[in-house]
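Peer 1: Below is one structure. I have some questions about it.
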Amino acid sequence: MNLLSHTPLLIIDVQKAFDDPKWGERNHPEAEANLKLLLAAWRASGRPVWFVQHLSRSESSLFHPDQPTCAFKEGLEPVEGEPVFRKTVNSSFIGTDLEPSLRRLGCEQLVIAGLTTNHCVETTTRMAGNLGFQPILVEDACATFGRRGPDGTYYPPEQIHEMTLVNLHEEFARIATTREVLGMV
């Protein structure tokens, strides 16, 4: 399967806020390097590159627009002409122009990567599938953090990441690696 020349790469919430140690243990330390490979391939092929940025209304949040941690991570910033969809909730489709932009482009597919797997990436991927798009989630260009369940049980990031992929697989998205996606470009 090859990607069409108008298939966008959607990079979700790759912001400095996620470098803060408060998040705890994280999986896929290579996610940003894989994102850079995808970004370079998309730009070289002239395919659309789109960014999503999470903005919090809380002034104390790492994602508040006045905080330096709200900025994109180094090497993963948009360049002139690459749209940024700014959101305040988990879904990149809510309160943004993402869906109409995809429809105007006439695309069926989109490639999704970013942070965090089980929050904004998962929510956006599910909605993309529900809206009739064919998302491809690049599993090793995403990452998440460990979390505690309601009973206090700790779930490591690898387990949360894998369960998110299981939940999305075949019903909402095609799951692929960076290498597989680069082979489609």
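How things are named: the first chain in the structure tokens is A, the next is B, and so on; residues count from 1 in each chain; ligands count from 1 in the order shown.
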When you look at Ile175 of chain A with a cut-off of 12 Å (counting only C-alpha atoms), what residues show up, excluding the ones that are within fewer than 2 positions of it in the same chain? I need them as a PDB file with N, CA and C atoms, in the first residue's frame.

Peer 2:
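Final output, selection-v1.pdb:
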```
ATOM      1  N   VAL A 111      -1.830   9.968   8.354  1.00  0.00           N
ATOM      2  CA  VAL A 111      -0.853   9.281   9.189  1.00  0.00           C
ATOM      3  C   VAL A 111      -0.742  10.077  10.482  1.00  0.00           C
ATOM      4  N   ILE A 112      -0.877   9.376  11.607  1.00  0.00           N
ATOM      5  CA  ILE A 112      -0.941  10.022  12.916  1.00  0.00           C
ATOM      6  C   ILE A 112       0.203   9.546  13.798  1.00  0.00           C
ATOM      7  N   ALA A 113       0.822  10.501  14.505  1.00  0.00           N
ATOM      8  CA  ALA A 113       1.878  10.196  15.476  1.00  0.00           C
ATOM      9  C   ALA A 113       1.911  11.318  16.502  1.00  0.00           C
ATOM     10  N   GLU A 122      -4.879   8.704  20.780  1.00  0.00           N
ATOM     11  CA  GLU A 122      -5.967   7.725  20.687  1.00  0.00           C
ATOM     12  C   GLU A 122      -7.299   8.404  20.359  1.00  0.00           C
ATOM     13  N   THR A 125      -7.352   9.539  16.771  1.00  0.00           N
ATOM     14  CA  THR A 125      -7.389   8.390  15.865  1.00  0.00           C
ATOM     15  C   THR A 125      -8.784   7.773  15.820  1.00  0.00           C
ATOM     16  N   GLN A 134      -9.215   6.944   6.975  1.00  0.00           N
ATOM     17  CA  GLN A 134      -8.460   5.710   7.183  1.00  0.00           C
ATOM     18  C   GLN A 134      -7.135   6.068   7.846  1.00  0.00           C
ATOM     19  N   PRO A 135      -7.148   6.210   9.170  1.00  0.00           N
ATOM     20  CA  PRO A 135      -5.911   6.587   9.848  1.00  0.00           C
ATOM     21  C   PRO A 135      -4.903   5.449   9.919  1.00  0.00           C
ATOM     22  N   ILE A 136      -3.655   5.829   9.799  1.00  0.00           N
ATOM     23  CA  ILE A 136      -2.536   4.923  10.035  1.00  0.00           C
ATOM     24  C   ILE A 136      -1.811   5.496  11.239  1.00  0.00           C
ATOM     25  N   LEU A 137      -1.775   4.744  12.327  1.00  0.00           N
ATOM     26  CA  LEU A 137      -1.114   5.179  13.550  1.00  0.00           C
ATOM     27  C   LEU A 137       0.297   4.607  13.581  1.00  0.00           C
ATOM     28  N   VAL A 138       1.283   5.474  13.696  1.00  0.00           N
ATOM     29  CA  VAL A 138       2.688   5.051  13.703  1.00  0.00           C
ATOM     30  C   VAL A 138       3.077   4.774  15.150  1.00  0.00           C
ATOM     31  N   GLU A 139       3.025   3.503  15.517  1.00  0.00           N
ATOM     32  CA  GLU A 139       3.129   3.115  16.924  1.00  0.00           C
ATOM     33  C   GLU A 139       4.468   3.451  17.573  1.00  0.00           C
ATOM     34  N   ASP A 140       5.559   3.446  16.836  1.00  0.00           N
ATOM     35  CA  ASP A 140       6.848   3.757  17.460  1.00  0.00           C
ATOM     36  C   ASP A 140       7.230   5.231  17.297  1.00  0.00           C
ATOM     37  N   ALA A 141       6.298   6.032  16.810  1.00  0.00           N
ATOM     38  CA  ALA A 141       6.463   7.487  16.769  1.00  0.00           C
ATOM     39  C   ALA A 141       5.441   8.123  17.715  1.00  0.00           C
ATOM     40  N   CYS A 142       5.014   7.330  18.684  1.00  0.00           N
ATOM     41  CA  CYS A 142       4.115   7.762  19.755  1.00  0.00           C
ATOM     42  C   CYS A 142       4.726   7.278  21.071  1.00  0.00           C
ATOM     43  N   GLU A 162       0.558  -0.545  24.542  1.00  0.00           N
ATOM     44  CA  GLU A 162       0.138  -1.746  23.815  1.00  0.00           C
ATOM     45  C   GLU A 162      -1.373  -1.930  23.855  1.00  0.00           C
ATOM     46  N   THR A 164      -3.610   0.391  24.130  1.00  0.00           N
ATOM     47  CA  THR A 164      -4.182   1.403  23.240  1.00  0.00           C
ATOM     48  C   THR A 164      -4.116   0.920  21.794  1.00  0.00           C
ATOM     49  N   LEU A 165      -2.983   0.353  21.393  1.00  0.00           N
ATOM     50  CA  LEU A 165      -2.848  -0.161  20.024  1.00  0.00           C
ATOM     51  C   LEU A 165      -3.832  -1.297  19.766  1.00  0.00           C
ATOM     52  N   VAL A 166      -3.992  -2.168  20.746  1.00  0.00           N
ATOM     53  CA  VAL A 166      -4.942  -3.273  20.612  1.00  0.00           C
ATOM     54  C   VAL A 166      -6.353  -2.721  20.413  1.00  0.00           C
ATOM     55  N   ASN A 167      -6.717  -1.706  21.188  1.00  0.00           N
ATOM     56  CA  ASN A 167      -8.061  -1.128  21.091  1.00  0.00           C
ATOM     57  C   ASN A 167      -8.309  -0.461  19.741  1.00  0.00           C
ATOM     58  N   LEU A 168      -7.280   0.125  19.151  1.00  0.00           N
ATOM     59  CA  LEU A 168      -7.436   0.842  17.884  1.00  0.00           C
ATOM     60  C   LEU A 168      -7.296  -0.060  16.660  1.00  0.00           C
ATOM     61  N   HIS A 169      -6.525  -1.122  16.778  1.00  0.00           N
ATOM     62  CA  HIS A 169      -6.194  -2.019  15.677  1.00  0.00           C
ATOM     63  C   HIS A 169      -7.431  -2.537  14.956  1.00  0.00           C
ATOM     64  N   GLU A 170      -7.443  -2.345  13.654  1.00  0.00           N
ATOM     65  CA  GLU A 170      -8.457  -2.826  12.713  1.00  0.00           C
ATOM     66  C   GLU A 170      -9.806  -2.133  12.824  1.00  0.00           C
ATOM     67  N   GLU A 171     -10.233  -1.754  14.023  1.00  0.00           N
ATOM     68  CA  GLU A 171     -11.542  -1.110  14.130  1.00  0.00           C
ATOM     69  C   GLU A 171     -11.459   0.386  13.814  1.00  0.00           C
ATOM     70  N   PHE A 172     -10.417   1.044  14.287  1.00  0.00           N
ATOM     71  CA  PHE A 172     -10.289   2.488  14.099  1.00  0.00           C
ATOM     72  C   PHE A 172      -9.121   2.879  13.209  1.00  0.00           C
ATOM     73  N   ALA A 173      -8.088   2.046  13.138  1.00  0.00           N
ATOM     74  CA  ALA A 173      -6.875   2.440  12.424  1.00  0.00           C
ATOM     75  C   ALA A 173      -6.050   1.226  12.027  1.00  0.00           C
ATOM     76  N   THR A 177       4.665   0.639  11.870  1.00  0.00           N
ATOM     77  CA  THR A 177       5.911   1.187  12.426  1.00  0.00           C
ATOM     78  C   THR A 177       6.413   2.312  11.518  1.00  0.00           C
ATOM     79  N   THR A 178       7.359   3.074  12.027  1.00  0.00           N
ATOM     80  CA  THR A 178       7.981   4.117  11.221  1.00  0.00           C
ATOM     81  C   THR A 178       8.562   3.531   9.947  1.00  0.00           C
ATOM     82  N   ARG A 179       9.251   2.443  10.069  1.00  0.00           N
ATOM     83  CA  ARG A 179       9.878   1.790   8.909  1.00  0.00           C
ATOM     84  C   ARG A 179       8.839   1.409   7.856  1.00  0.00           C
ATOM     85  N   GLU A 180       7.719   0.838   8.310  1.00  0.00           N
ATOM     86  CA  GLU A 180       6.662   0.453   7.371  1.00  0.00           C
ATOM     87  C   GLU A 180       6.072   1.672   6.667  1.00  0.00           C
ATOM     88  N   VAL A 181       5.852   2.735   7.418  1.00  0.00           N
ATOM     89  CA  VAL A 181       5.270   3.942   6.817  1.00  0.00           C
ATOM     90  C   VAL A 181       6.250   4.576   5.849  1.00  0.00           C
TER      91      VAL A 181
END
```

Peer 1: Applying 8 Å and only C-alpha atoms, which residues near segment 44-52 of chain A remain after dropping the ones on its own chain fewer than 5 positions away? List them as a VMD selection string.

Peer 2: chain A and resid 5 to 13 39 78 82 to 87 92 185

Peer 1: Write out as a ChimeraX atom specification the set of residues from segment 64-155 of chain A that DSSP, computed on the backbone, places in helix (DSSP H, G or I).

Peer 2: /A:68-70,98-105,117-130

Peer 1: What's the 9 Å shell around Arg147 of chain A, counting only C-alpha atoms, without same-chain residues fewer than 2 positions away, as a ChimeraX atom specification?

Peer 2: /A:23-25,145,149,153-157,160

Peer 1: Please, what distance in Å, to one decimal, runs between atom CA of Leu115 of chain A and atom CA of Arg103 of chain A?

Peer 2: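 So the two atoms, atom CA of Leu115 of chain A and atom CA of Arg103 of chain A, lie 24.1 Å apart.
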
Peer 1: Tell me, as a ChimeraX atom specification, which residues lie within 9 Å of Val89 of chain A, counting only C-alpha atoms; anything in the same chain fewer than 6 positions away does not count.

Peer 2: /A:54-56,95,120

Peer 1: Given the selection you just returned, output its residues as a file containing C-alpha atoms, formatted as a short mmCIF file (atom, residue, chain, number, x, y, z; two decimals), in the first residue's frame.

Peer 2:
```cif
data_model
loop_
_atom_site.label_atom_id
_atom_site.label_comp_id
_atom_site.auth_asym_id
_atom_site.auth_seq_id
_atom_site.Cartn_x
_atom_site.Cartn_y
_atom_site.Cartn_z
CA HIS A 54 -2.57 21.46 23.03
CA LEU A 55 -3.37 24.73 24.82
CA SER A 56 -4.60 24.84 28.38
CA GLY A 95 -12.87 23.14 18.24
CA CYS A 120 -4.84 12.84 22.45
#
```

Peer 1: Please report the interatomic distance between atom CA of Arg26 of chain A and atom CA of Ala143 of chain A in Å with one decimal.

Peer 2: 6.9 Å
